[in-house]
$ cat target_2.tsv   # TSV, C-alpha atoms
chain	number	residue	atom	x	y	z
A	1	MET	CA	-43.01	-100.52	-78.72
A	2	SER	CA	-46.66	-99.58	-78.78
A	3	THR	CA	-47.24	-101.08	-75.32
A	4	ALA	CA	-44.30	-99.14	-73.95
A	5	GLN	CA	-45.73	-95.96	-75.39
A	6	SER	CA	-49.20	-96.53	-74.05
A	7	SER	CA	-47.80	-96.95	-70.53
A	8	ILE	CA	-46.51	-93.37	-70.55
A	9	ILE	CA	-48.88	-91.09	-68.71
A	10	ARG	CA	-48.98	-87.96	-70.84
A	11	ARG	CA	-50.99	-85.75	-68.53
A	12	PRO	CA	-50.32	-86.82	-64.94
A	13	LYS	CA	-52.46	-85.30	-62.22
A	14	ALA	CA	-49.92	-85.40	-59.44
A	15	ALA	CA	-46.47	-86.55	-58.43
A	16	ILE	CA	-45.37	-87.63	-55.01
A	17	SER	CA	-41.82	-87.79	-53.68
A	18	LEU	CA	-40.30	-88.15	-50.25
A	19	THR	CA	-40.08	-84.39	-49.80
A	20	SER	CA	-43.21	-83.07	-51.47
A	21	ILE	CA	-46.44	-83.62	-53.35
A	22	ASN	CA	-47.13	-81.70	-56.52
A	23	VAL	CA	-50.65	-81.46	-57.95
A	24	PHE	CA	-52.01	-79.86	-61.07
A	25	HIS	CA	-55.11	-78.19	-59.73
A	26	LEU	CA	-57.03	-75.08	-60.75
A	27	ARG	CA	-55.73	-71.88	-59.26
A	28	ASN	CA	-56.93	-68.33	-59.67
A	29	PRO	CA	-54.16	-66.64	-61.74
A	30	LEU	CA	-54.94	-63.27	-60.17
A	31	VAL	CA	-54.33	-64.62	-56.68
A	32	VAL	CA	-51.03	-66.12	-57.85
A	33	ALA	CA	-50.07	-62.77	-59.38
A	34	TRP	CA	-50.97	-61.07	-56.10
A	35	TRP	CA	-48.52	-63.23	-54.16
A	36	SER	CA	-45.81	-62.39	-56.70
A	37	LEU	CA	-46.59	-58.73	-56.14
A	38	VAL	CA	-46.27	-58.90	-52.35
A	39	TYR	CA	-43.07	-60.89	-52.69
A	40	PRO	CA	-41.49	-61.98	-55.99
A	41	GLY	CA	-41.04	-65.74	-55.78
A	42	PHE	CA	-44.15	-66.52	-53.72
A	43	GLY	CA	-46.36	-66.82	-56.79
A	44	HIS	CA	-43.97	-69.39	-58.23
A	45	MET	CA	-43.90	-71.29	-54.95
A	46	ARG	CA	-47.73	-71.37	-55.04
A	47	LEU	CA	-47.43	-73.07	-58.44
A	48	VAL	CA	-44.82	-75.48	-57.07
A	49	SER	CA	-42.24	-73.93	-59.36
A	50	VAL	CA	-40.02	-74.13	-56.33
A	51	ALA	CA	-36.56	-73.58	-57.82
A	52	LYS	CA	-37.69	-70.48	-59.73
A	53	GLY	CA	-39.50	-69.27	-56.64
A	54	PHE	CA	-36.45	-69.56	-54.40
A	55	PHE	CA	-34.29	-67.84	-57.00
A	56	LEU	CA	-36.67	-64.90	-57.43
A	57	PHE	CA	-37.11	-64.62	-53.67
A	58	ALA	CA	-33.36	-64.48	-53.11
A	59	GLY	CA	-33.02	-61.89	-55.91
A	60	GLU	CA	-35.69	-59.62	-54.48
A	61	LEU	CA	-34.26	-59.95	-50.96
A	62	LEU	CA	-30.77	-59.00	-52.17
A	63	ILE	CA	-31.93	-56.00	-54.20
A	64	ASN	CA	-34.37	-54.82	-51.55
A	65	THR	CA	-31.80	-55.03	-48.76
A	66	GLN	CA	-29.07	-53.29	-50.80
A	67	ALA	CA	-31.31	-50.51	-52.14
A	68	HIS	CA	-33.26	-50.05	-48.84
A	69	ILE	CA	-36.56	-50.27	-50.67
A	70	ASN	CA	-38.50	-51.26	-47.57
A	71	LEU	CA	-37.22	-48.19	-45.73
A	72	ALA	CA	-38.15	-45.97	-48.67
A	73	ILE	CA	-41.66	-47.49	-48.65
A	74	LEU	CA	-41.90	-46.85	-44.92
A	75	TYR	CA	-40.87	-43.19	-45.22
A	76	SER	CA	-43.04	-42.58	-48.30
A	77	PHE	CA	-46.17	-44.00	-46.67
A	78	THR	CA	-45.63	-41.90	-43.56
A	79	GLY	CA	-45.16	-38.71	-45.59
A	80	ASN	CA	-41.42	-38.27	-45.07
A	81	PHE	CA	-40.46	-38.01	-48.76
A	82	ALA	CA	-37.12	-36.32	-48.20
A	83	MET	CA	-35.93	-39.24	-46.06
A	84	ALA	CA	-37.31	-41.72	-48.62
A	85	LYS	CA	-35.15	-40.19	-51.34
A	86	GLN	CA	-32.13	-39.97	-49.10
A	87	VAL	CA	-32.26	-43.56	-47.91
A	88	LEU	CA	-32.43	-45.18	-51.36
A	89	ASP	CA	-29.25	-46.65	-52.81
A	90	THR	CA	-29.41	-46.41	-56.59
A	91	HIS	CA	-26.82	-49.08	-57.37
A	92	LEU	CA	-29.43	-51.84	-57.72
A	93	LEU	CA	-32.68	-49.90	-57.42
A	94	LEU	CA	-33.85	-50.09	-61.02
A	95	LEU	CA	-33.34	-53.86	-61.18
A	96	TYR	CA	-36.16	-54.14	-58.65
A	97	CYS	CA	-38.72	-53.07	-61.24
A	98	GLY	CA	-37.53	-55.81	-63.57
A	99	ILE	CA	-37.64	-58.60	-61.04
A	100	LEU	CA	-41.02	-57.52	-59.66
A	101	VAL	CA	-42.81	-57.15	-62.98
A	102	PHE	CA	-41.24	-60.33	-64.37
A	103	ALA	CA	-42.33	-62.36	-61.33
A	104	VAL	CA	-45.91	-61.07	-61.55
A	105	TRP	CA	-46.20	-61.58	-65.29
A	106	GLU	CA	-44.59	-65.00	-65.36
A	107	SER	CA	-46.46	-66.46	-62.41
A	108	TYR	CA	-49.73	-65.34	-64.03
A	109	ARG	CA	-48.69	-67.03	-67.27
A	110	ILE	CA	-47.67	-70.28	-65.54
A	111	ALA	CA	-50.90	-70.30	-63.52
A	112	ILE	CA	-52.93	-70.36	-66.72
A	113	GLU	CA	-50.70	-73.08	-68.15
A	114	VAL	CA	-51.04	-75.19	-65.01
A	115	ASN	CA	-54.82	-74.77	-65.16
A	116	LYS	CA	-54.79	-76.22	-68.66
A	117	PHE	CA	-52.69	-79.19	-67.51
A	118	SER	CA	-55.11	-79.62	-64.65
A	119	VAL	CA	-58.14	-79.80	-66.93
A	120	LEU	CA	-56.38	-82.28	-69.24
A	121	ALA	CA	-55.22	-84.46	-66.35
A	122	ASP	CA	-58.71	-84.56	-64.85
A	123	HIS	CA	-60.09	-85.60	-68.20
A	124	ASP	CA	-57.53	-88.38	-68.78
A	125	ASN	CA	-58.00	-89.59	-65.20
A	126	ASP	CA	-54.86	-91.74	-65.25
A	127	PRO	CA	-53.96	-93.66	-62.09
A	128	ILE	CA	-52.14	-91.74	-59.39
A	129	GLY	CA	-49.67	-93.53	-57.11
A	130	PRO	CA	-50.61	-92.53	-53.57
A	131	THR	CA	-47.60	-93.73	-51.58
A	132	VAL	CA	-43.80	-93.63	-51.69
A	133	ILE	CA	-41.54	-95.27	-49.18
A	134	SER	CA	-37.77	-95.54	-48.99
A	135	GLY	CA	-35.09	-96.32	-46.45
A	136	VAL	CA	-35.19	-92.82	-44.96
A	137	GLY	CA	-38.85	-91.92	-44.95
A	138	PHE	CA	-42.26	-92.10	-46.53
A	139	ASN	CA	-44.90	-89.85	-48.00
A	140	ALA	CA	-48.53	-90.67	-48.69
A	141	PHE	CA	-51.84	-89.03	-49.48
A	142	ASP	CA	-53.91	-88.64	-46.37
A	143	LYS	CA	-56.58	-86.35	-45.00
A	144	ARG	CA	-55.31	-83.44	-42.96
A	145	ASN	CA	-57.03	-80.53	-41.30
A	146	PRO	CA	-56.31	-77.29	-43.21
A	147	TRP	CA	-57.07	-75.11	-40.19
A	148	LEU	CA	-54.52	-77.05	-38.18
A	149	ALA	CA	-51.94	-76.40	-40.92
A	150	ALA	CA	-52.80	-72.67	-40.79
A	151	ALA	CA	-52.55	-72.67	-37.00
A	152	TRP	CA	-49.12	-74.31	-37.02
A	153	SER	CA	-47.91	-71.78	-39.58
A	154	MET	CA	-49.20	-68.96	-37.40
A	155	LEU	CA	-47.11	-70.27	-34.54
A	156	MET	CA	-44.06	-70.80	-36.70
A	157	PRO	CA	-43.75	-70.17	-40.45
A	158	GLY	CA	-43.01	-73.50	-42.14
A	159	ALA	CA	-44.55	-75.75	-39.49
A	160	GLY	CA	-47.81	-75.98	-41.43
A	161	HIS	CA	-45.84	-77.10	-44.48
A	162	LEU	CA	-44.11	-79.78	-42.44
A	163	TYR	CA	-47.55	-80.97	-41.32
A	164	ALA	CA	-48.66	-81.12	-44.96
A	165	LEU	CA	-45.43	-82.99	-45.85
A	166	GLU	CA	-44.13	-80.16	-48.04
A	167	ILE	CA	-40.65	-80.55	-46.65
A	168	ILE	CA	-38.57	-78.48	-49.12
A	169	VAL	CA	-40.82	-75.44	-48.77
A	170	ALA	CA	-40.94	-76.00	-45.02
A	171	ILE	CA	-37.15	-75.89	-44.75
A	172	PHE	CA	-37.08	-72.69	-46.80
A	173	MET	CA	-39.80	-71.13	-44.64
A	174	MET	CA	-38.15	-72.10	-41.38
A	175	ILE	CA	-34.62	-71.00	-42.26
A	176	GLY	CA	-35.69	-67.92	-44.25
A	177	GLY	CA	-38.35	-66.93	-41.74
A	178	GLY	CA	-36.01	-67.52	-38.82
A	179	ALA	CA	-33.33	-65.33	-40.40
A	180	ILE	CA	-35.78	-62.50	-41.13
A	181	ILE	CA	-37.24	-62.68	-37.62
A	182	TYR	CA	-33.73	-62.58	-36.13
A	183	LEU	CA	-32.44	-59.71	-38.29
A	184	SER	CA	-35.56	-57.59	-37.76
A	185	HIS	CA	-35.32	-57.97	-33.94
A	186	LEU	CA	-39.03	-58.83	-33.99
A	187	LEU	CA	-39.13	-60.97	-30.89
A	188	PRO	CA	-37.55	-58.43	-28.48
A	189	ALA	CA	-39.97	-55.85	-29.87
A	190	ILE	CA	-42.89	-58.20	-29.16
A	191	GLY	CA	-41.61	-58.49	-25.61
A	192	TYR	CA	-41.50	-54.68	-25.17
A	193	THR	CA	-44.94	-54.33	-26.78
A	194	ALA	CA	-46.40	-56.90	-24.41
A	195	LEU	CA	-45.05	-54.86	-21.49
A	196	GLY	CA	-46.51	-51.65	-22.93
A	197	GLN	CA	-43.09	-50.12	-23.65
A	198	PHE	CA	-44.01	-49.04	-27.18
A	199	ALA	CA	-41.21	-46.52	-27.70
A	200	GLN	CA	-38.59	-49.10	-26.83
A	201	ALA	CA	-40.26	-51.63	-29.14
A	202	LYS	CA	-40.00	-49.17	-32.02
A	203	SER	CA	-36.38	-48.30	-31.37
A	204	VAL	CA	-35.20	-51.90	-31.08
A	205	LEU	CA	-36.66	-52.89	-34.47
A	206	ASP	CA	-34.70	-53.00	-37.72
A	207	TRP	CA	-37.37	-51.59	-40.04
A	208	GLN	CA	-35.73	-52.61	-43.29
A	209	TRP	CA	-36.00	-56.27	-42.26
A	210	LEU	CA	-39.28	-55.92	-40.40
A	211	LEU	CA	-41.20	-54.96	-43.52
A	212	ASN	CA	-40.44	-58.41	-44.99
A	213	ILE	CA	-42.42	-60.08	-42.24
A	214	PRO	CA	-46.10	-59.35	-43.05
A	215	SER	CA	-45.94	-60.87	-46.53
A	216	PHE	CA	-43.78	-63.78	-45.42
A	217	TYR	CA	-46.04	-64.56	-42.48
A	218	CYS	CA	-49.30	-64.33	-44.42
A	219	PHE	CA	-47.97	-66.40	-47.28
A	220	SER	CA	-46.76	-69.19	-45.01
A	221	ILE	CA	-50.25	-69.46	-43.49
A	222	TYR	CA	-52.14	-69.20	-46.77
A	223	ASP	CA	-49.96	-71.64	-48.68
A	224	ALA	CA	-50.06	-74.27	-45.94
A	225	TYR	CA	-53.84	-73.99	-45.76
A	226	VAL	CA	-54.47	-74.21	-49.50
A	227	LYS	CA	-51.99	-77.03	-50.01
A	228	THR	CA	-53.67	-79.08	-47.30
A	229	VAL	CA	-57.07	-78.52	-48.94
A	230	GLU	CA	-55.71	-79.57	-52.31
A	231	PHE	CA	-53.98	-82.66	-50.94
A	232	ASN	CA	-57.26	-83.68	-49.30
A	233	LYS	CA	-59.03	-83.32	-52.62
A	234	LEU	CA	-56.32	-85.34	-54.29
A	235	PHE	CA	-56.82	-88.07	-51.72
A	236	ASP	CA	-60.56	-88.16	-52.46
A	237	GLN	CA	-59.96	-88.27	-56.18
A	238	GLU	CA	-57.40	-91.06	-55.98
A	239	GLN	CA	-59.54	-93.13	-53.64
A	240	ALA	CA	-62.63	-92.75	-55.81
A	241	GLN	CA	-60.57	-93.83	-58.80
A	242	PHE	CA	-59.28	-96.87	-56.90
A	243	PHE	CA	-62.77	-97.97	-55.83
A	244	ARG	CA	-64.16	-97.55	-59.32
A	245	ASN	CA	-61.40	-99.72	-60.76
A	246	LYS	CA	-61.38	-102.44	-58.10
A	247	TYR	CA	-64.87	-102.67	-56.65
A	248	GLN	CA	-67.32	-102.38	-59.50
A	249	SER	CA	-67.21	-105.91	-60.81
A	250	PRO	CA	-69.86	-106.85	-63.39
A	251	LEU	CA	-70.16	-110.14	-61.49
A	252	PHE	CA	-71.63	-108.41	-58.44
A	253	PRO	CA	-75.08	-109.93	-57.79
A	254	MET	CA	-77.28	-106.84	-57.87
A	255	PRO	CA	-80.22	-106.97	-55.43
A	256	LEU	CA	-83.87	-106.91	-56.52
A	257	LYS	CA	-82.89	-108.11	-59.97
A	258	SER	CA	-85.92	-110.32	-60.40
A	259	VAL	CA	-88.37	-107.50	-59.73
B	13	MET	CA	-78.11	-110.67	-47.60
B	14	TYR	CA	-76.97	-107.21	-48.56
B	15	LEU	CA	-75.32	-104.52	-46.47
B	16	VAL	CA	-75.29	-100.93	-47.60
B	17	ALA	CA	-73.05	-98.38	-45.90
B	18	SER	CA	-71.97	-94.82	-46.51
B	19	PHE	CA	-68.47	-93.47	-45.89
B	20	HIS	CA	-66.26	-90.45	-46.25
B	21	TYR	CA	-63.19	-90.66	-48.44
B	22	ASN	CA	-60.71	-91.78	-45.81
B	23	LEU	CA	-57.98	-94.34	-45.18
B	24	HIS	CA	-60.37	-96.06	-42.76
B	25	THR	CA	-62.70	-96.78	-45.67
B	26	GLU	CA	-59.98	-98.80	-47.41
B	27	ILE	CA	-59.24	-100.62	-44.16
B	28	ALA	CA	-62.96	-101.39	-43.75
B	29	ILE	CA	-63.04	-103.04	-47.17
B	30	THR	CA	-59.87	-104.97	-46.38
B	31	LYS	CA	-61.42	-106.25	-43.16
B	32	VAL	CA	-64.56	-107.30	-45.00
B	33	GLU	CA	-62.43	-109.19	-47.53
B	34	GLU	CA	-60.58	-110.88	-44.68
B	35	LEU	CA	-63.92	-112.24	-43.48
B	36	GLY	CA	-63.95	-114.34	-46.61
B	37	ILE	CA	-65.96	-112.08	-48.88
B	38	LYS	CA	-64.73	-111.89	-52.45
B	39	LYS	CA	-63.97	-108.71	-54.38
B	40	GLU	CA	-66.90	-109.46	-56.70
B	41	GLN	CA	-69.26	-109.34	-53.72
B	42	ILE	CA	-68.27	-105.77	-52.86
B	43	PHE	CA	-69.58	-102.88	-54.90
B	44	ALA	CA	-68.40	-99.33	-54.27
B	45	VAL	CA	-70.09	-96.22	-55.63
B	46	PRO	CA	-67.92	-93.11	-55.18
B	47	LEU	CA	-70.15	-90.08	-55.57
B	48	GLU	CA	-69.08	-87.13	-57.66
B	49	LYS	CA	-69.22	-83.94	-55.73
B	50	ARG	CA	-71.18	-80.92	-56.80
B	51	GLY	CA	-69.12	-77.94	-57.80
B	52	GLU	CA	-66.32	-79.96	-59.32
B	53	THR	CA	-67.49	-79.65	-62.88
B	54	ARG	CA	-64.72	-79.05	-65.33
B	55	ASN	CA	-65.90	-75.96	-67.08
B	56	ILE	CA	-62.65	-74.26	-68.03
B	57	PHE	CA	-64.19	-70.82	-68.56
B	58	ASP	CA	-65.99	-70.86	-65.27
B	59	THR	CA	-63.16	-72.14	-63.19
B	60	ILE	CA	-59.92	-70.91	-64.70
B	61	HIS	CA	-60.40	-67.50	-63.13
B	62	HIS	CA	-61.90	-68.78	-59.95
B	63	ALA	CA	-60.14	-70.89	-57.37
B	64	ASP	CA	-61.98	-74.09	-56.66
B	65	GLY	CA	-63.42	-74.13	-53.18
B	66	VAL	CA	-60.49	-72.40	-51.52
B	67	SER	CA	-61.61	-68.92	-52.54
B	68	MET	CA	-63.11	-68.42	-49.10
B	69	PHE	CA	-59.55	-68.07	-47.87
B	70	ASP	CA	-58.26	-66.04	-50.81
B	71	GLY	CA	-59.97	-62.75	-50.01
B	72	GLY	CA	-58.97	-62.94	-46.37
B	73	ALA	CA	-55.35	-63.72	-47.19
B	74	ILE	CA	-55.09	-60.94	-49.77
B	75	LEU	CA	-56.65	-58.18	-47.67
B	76	GLY	CA	-55.02	-59.53	-44.52
B	77	SER	CA	-51.51	-59.36	-45.97
B	78	ALA	CA	-52.13	-55.90	-47.49
B	79	CYS	CA	-53.55	-54.44	-44.28
B	80	MET	CA	-50.81	-56.05	-42.19
B	81	VAL	CA	-48.15	-54.28	-44.24
B	82	LEU	CA	-50.01	-50.98	-43.79
B	83	GLY	CA	-50.43	-51.64	-40.08
B	84	VAL	CA	-46.69	-52.25	-39.64
B	85	ILE	CA	-45.85	-49.14	-41.67
B	86	TYR	CA	-48.19	-46.81	-39.79
B	87	GLY	CA	-47.12	-48.37	-36.52
B	88	PHE	CA	-43.91	-46.43	-37.20
B	89	VAL	CA	-45.74	-43.19	-36.36
B	90	LEU	CA	-48.63	-44.42	-34.19
B	91	THR	CA	-48.25	-44.88	-30.43
B	92	TRP	CA	-48.84	-48.62	-30.16
B	93	GLY	CA	-46.05	-49.44	-32.58
B	94	PRO	CA	-45.85	-51.84	-35.53
B	95	ILE	CA	-46.62	-55.11	-33.80
B	96	ILE	CA	-50.05	-54.26	-32.44
B	97	TRP	CA	-51.02	-52.29	-35.55
B	98	GLY	CA	-49.70	-55.09	-37.78
B	99	LEU	CA	-51.86	-57.62	-35.95
B	100	ILE	CA	-54.86	-55.30	-36.09
B	101	GLY	CA	-54.28	-54.93	-39.83
B	102	LEU	CA	-53.99	-58.68	-40.30
B	103	GLY	CA	-57.11	-59.49	-38.27
B	104	GLY	CA	-59.21	-56.66	-39.66
B	105	GLY	CA	-58.11	-57.23	-43.25
B	106	PHE	CA	-58.68	-60.97	-43.03
B	107	LEU	CA	-62.14	-60.51	-41.58
B	108	VAL	CA	-63.22	-57.94	-44.17
B	109	GLY	CA	-61.78	-60.02	-47.04
B	110	PHE	CA	-63.39	-63.18	-45.75
B	111	LEU	CA	-66.79	-61.52	-45.35
B	112	LEU	CA	-66.58	-59.97	-48.81
B	113	ASP	CA	-65.73	-63.35	-50.29
B	114	LEU	CA	-68.51	-65.01	-48.36
B	115	SER	CA	-71.20	-62.54	-49.40
B	116	PHE	CA	-69.96	-62.56	-52.99
B	117	SER	CA	-69.98	-66.34	-53.28
B	118	ARG	CA	-73.37	-66.58	-51.51
B	119	PHE	CA	-74.67	-64.21	-54.09
B	120	LYS	CA	-73.04	-65.96	-57.01
B	121	HIS	CA	-73.20	-69.63	-56.12
B	122	SER	CA	-76.15	-69.79	-53.77
B	123	LYS	CA	-77.48	-72.81	-55.63
B	124	GLU	CA	-74.27	-74.67	-56.32
B	125	ARG	CA	-72.61	-74.34	-52.95
B	126	ARG	CA	-73.36	-77.10	-50.47
B	127	LYS	CA	-71.96	-78.08	-47.15
B	128	ASP	CA	-69.50	-80.94	-47.23
B	129	THR	CA	-71.63	-83.84	-48.27
B	130	ASP	CA	-72.18	-86.33	-45.50
B	131	GLY	CA	-71.87	-89.47	-47.55
B	132	GLU	CA	-69.23	-89.36	-50.25
B	133	LEU	CA	-69.11	-93.05	-50.99
B	134	PHE	CA	-71.59	-95.92	-50.87
B	135	LEU	CA	-70.61	-99.48	-50.31
B	136	MET	CA	-72.72	-102.56	-51.00
B	137	VAL	CA	-71.67	-105.94	-49.66
B	138	ASN	CA	-73.30	-109.21	-50.63
B	139	CYS	CA	-72.83	-111.92	-47.99
B	140	ASP	CA	-74.38	-114.95	-46.33
B	141	GLU	CA	-76.67	-114.51	-43.36
B	142	HIS	CA	-74.15	-115.82	-40.83
B	143	GLN	CA	-71.57	-113.22	-41.95
B	144	VAL	CA	-73.85	-110.22	-41.56
B	145	GLU	CA	-73.01	-109.37	-37.96
B	146	ALA	CA	-69.24	-109.60	-38.52
B	147	VAL	CA	-69.38	-107.46	-41.67
B	148	LYS	CA	-71.58	-104.93	-39.95
B	149	ALA	CA	-69.15	-104.69	-37.05
B	150	ALA	CA	-66.22	-104.22	-39.41
B	151	LEU	CA	-68.01	-101.40	-41.21
B	152	TRP	CA	-69.03	-99.62	-38.01
B	153	ASP	CA	-65.52	-100.03	-36.56
B	154	HIS	CA	-64.04	-98.13	-39.49
B	155	LEU	CA	-66.12	-95.00	-39.38
B	156	ALA	CA	-69.11	-95.96	-41.50
B	157	LEU	CA	-71.60	-93.07	-41.40
B	158	GLY	CA	-74.59	-95.39	-41.65
B	159	VAL	CA	-75.22	-99.09	-42.27
B	160	ALA	CA	-78.38	-100.85	-43.48
B	161	VAL	CA	-79.15	-104.54	-43.92
B	162	LEU	CA	-81.34	-105.69	-46.81
B	163	PRO	CA	-82.68	-109.22	-46.98
B	164	ASP	CA	-82.53	-111.17	-50.23
B	165	ASN	CA	-85.74	-110.64	-52.09

$ encode --input "target_2.tsv" --output "structure tokens"
Amino acid sequence: MSTAQSSIIRRPKAAISLTSINVFHLRNPLVVAWWSLVYPGFGHMRLVSVAKGFFLFAGELLINTQAHINLAILYSFTGNFAMAKQVLDTHLLLLYCGILVFAVWESYRIAIEVNKFSVLADHDNDPIGPTVISGVGFNAFDKRNPWLAAAWSMLMPGAGHLYALEIIVAIFMMIGGGAIIYLSHLLPAIGYTALGQFAQAKSVLDWQWLLNIPSFYCFSIYDAYVKTVEFNKLFDQEQAQFFRNKYQSPLFPMPLKSV
Amino acid sequence: MYLVASFHYNLHTEIAITKVEELGIKKEQIFAVPLEKRGETRNIFDTIHHADGVSMFDGGAILGSACMVLGVIYGFVLTWGPIIWGLIGLGGGFLVGFLLDLSFSRFKHSKERRKDTDGELFLMVNCDEHQVEAVKAALWDHLALGVAVLPDN
């Protein structure tokens, strides 16, 4: 009984599965709260609270699209307050405040909790399993270039996550990002802009959907970059642990002993 | 004879040790010293409100995303449209945020911050004289940063 209990790792540092790696590492709670502010759900995804993150993201997207909040923001910032009031649909509008403030508050709270777990896990320093393999794939700690992850995400949201082996988030980014890009008519507008036909670019865009893109795009780059950095650190930590356990035998004949 | 080599943390380092063991050298004859890195102290009050080492990207990402939103919005009324102004916002915001972060952390951590250390791990191998060349080759082949040979005293 006691041996079974002692084999339980109470404060694990990381978990690895075929579709993702999850690490308790220190994060700045204010930065997490910022991502929740730009898009409810992103802060939770930063904390690898993926199910909550997807749920909040879908909720904000639904409310925003129904209430035309992005359009109201657009008109308000450009001084057209009459249009801003006119365009808003009040059926779901007030729920937006709830979901936004909840996402910011809760992601901040979880960030602090995760930081505590991170400190405890680093102190306990229990072994971390660096590899999983099954009939359909594998996942392992390895060193990757964070700038390459950022570059792939710049080219296509989600690609950097695929590179970092964060497959669930990558699928979300690719399908979600693809849908937003399609519905906003971004790519035809880029074509017109490249040809210098700015008026046509503006008229082809769906502005309600377009305003989702800056936050989505920036988050996909940032998250891929930071995750790659953290996975590299995890690799270092695990390897150092392995060498300490396996290659520091007391039988090693130390040089210059007789001096 | 002793061989001393320095390495990065890398899969190649594990392969190097495996190769050395395959040359007939026992685990007890290999001694690894993983170095702790500066700036990874676990001071909860210092670090809980400060991202660890990735903060150089935080400022850029925050200001970049904020300015990109503003660029897209004001592209609605400006001639060049939302795409060019969005990209200008992203680039300009990222640069300003990055520089702010950089100057702030230079100011705050000028002593603690170091470039990525060159050697992260030291390896000592005890072997017979006739094995030295083979061990040395195995270490160099797997990205050793430097190798030295010490004679028995």

$ residues_around --input "target_2.tsv" --residues "B:Gly105" --least-positions-apart "2" --cutoff "6 Å" --atoms "all atoms listed in the file" --output "PyMOL selection string"
chain B and resi 75-76+79+101-103+107-109

$ residues_around --input "target_2.tsv" --residues "A:Leu56" --least-positions-apart "6" --cutoff "12 Å" --atoms "all atoms listed in the file" --output "ChimeraX atom specification"
/A:36-37,39-45,49-50,62-64,96,98-104,106-107

$ closest_residue --input "target_2.tsv" --among "B:Glu145, B:Leu112, B:Gly93, B:Ile100" --to "A:Ala189" --atoms "all atoms listed in the file"
B:Gly93

$ residues_around --input "target_2.tsv" --residues "A:Ala170" --least-positions-apart "3" --cutoff "6 Å" --atoms "all atoms listed in the file" --output "PDB file with C-alpha atoms, in the frame of the given file"
ATOM      1  CA  GLY A 158     -43.010 -73.500 -42.140  1.00  0.00           C
ATOM      2  CA  HIS A 161     -45.840 -77.100 -44.480  1.00  0.00           C
ATOM      3  CA  LEU A 162     -44.110 -79.780 -42.440  1.00  0.00           C
ATOM      4  CA  ILE A 167     -40.650 -80.550 -46.650  1.00  0.00           C
ATOM      5  CA  MET A 173     -39.800 -71.130 -44.640  1.00  0.00           C
TER       6      MET A 173
END

$ interface_residues --input "target_2.tsv" --of "chain A" --to "chain B" --cutoff "8 Å" --atoms "all atoms listed in the file" --output "MDAnalysis selection string"
chainID A and resid 26:31 34 74 77:78 112 115 119 142:143 189:190 193 198:199 201:202 211 214:215 218:219 222 226 229 235:236 239:240 243:244 246:253 255:256

$ atom_distance --input "target_2.tsv" --atom1 "atom CA of B:Gly158" --atom2 "atom CA of B:Cys139"
17.8 Å

$ atom_distance --input "target_2.tsv" --atom1 "atom CA of A:Ser20" --atom2 "atom CA of A:Asn212"
25.6 Å

$ atom_distance --input "target_2.tsv" --atom1 "atom CA of A:Leu18" --atom2 "atom CA of A:Ala164"
12.1 Å

$ closest_residue --input "target_2.tsv" --among "B:Phe134, B:Ala160, B:Val147, B:Trp97" --to "B:Ala28" --atoms "all atoms listed in the file"
B:Val147

$ residues_around --input "target_2.tsv" --residues "A:Ala179" --least-positions-apart "3" --cutoff "12 Å" --atoms "all atoms listed in the file" --output "MDAnalysis selection string"
chainID A and resid 61 157 172:176 182:187 209:210 212:213 216

$ residues_around --input "target_2.tsv" --residues "A:Ala224" --least-positions-apart "2" --cutoff "7 Å" --atoms "only C-alpha atoms" --output "list in words"
Ala149, Ala150, Gly160, His161, Ser220, Ile221, Tyr222, Val226, Lys227 and Thr228 of chain A
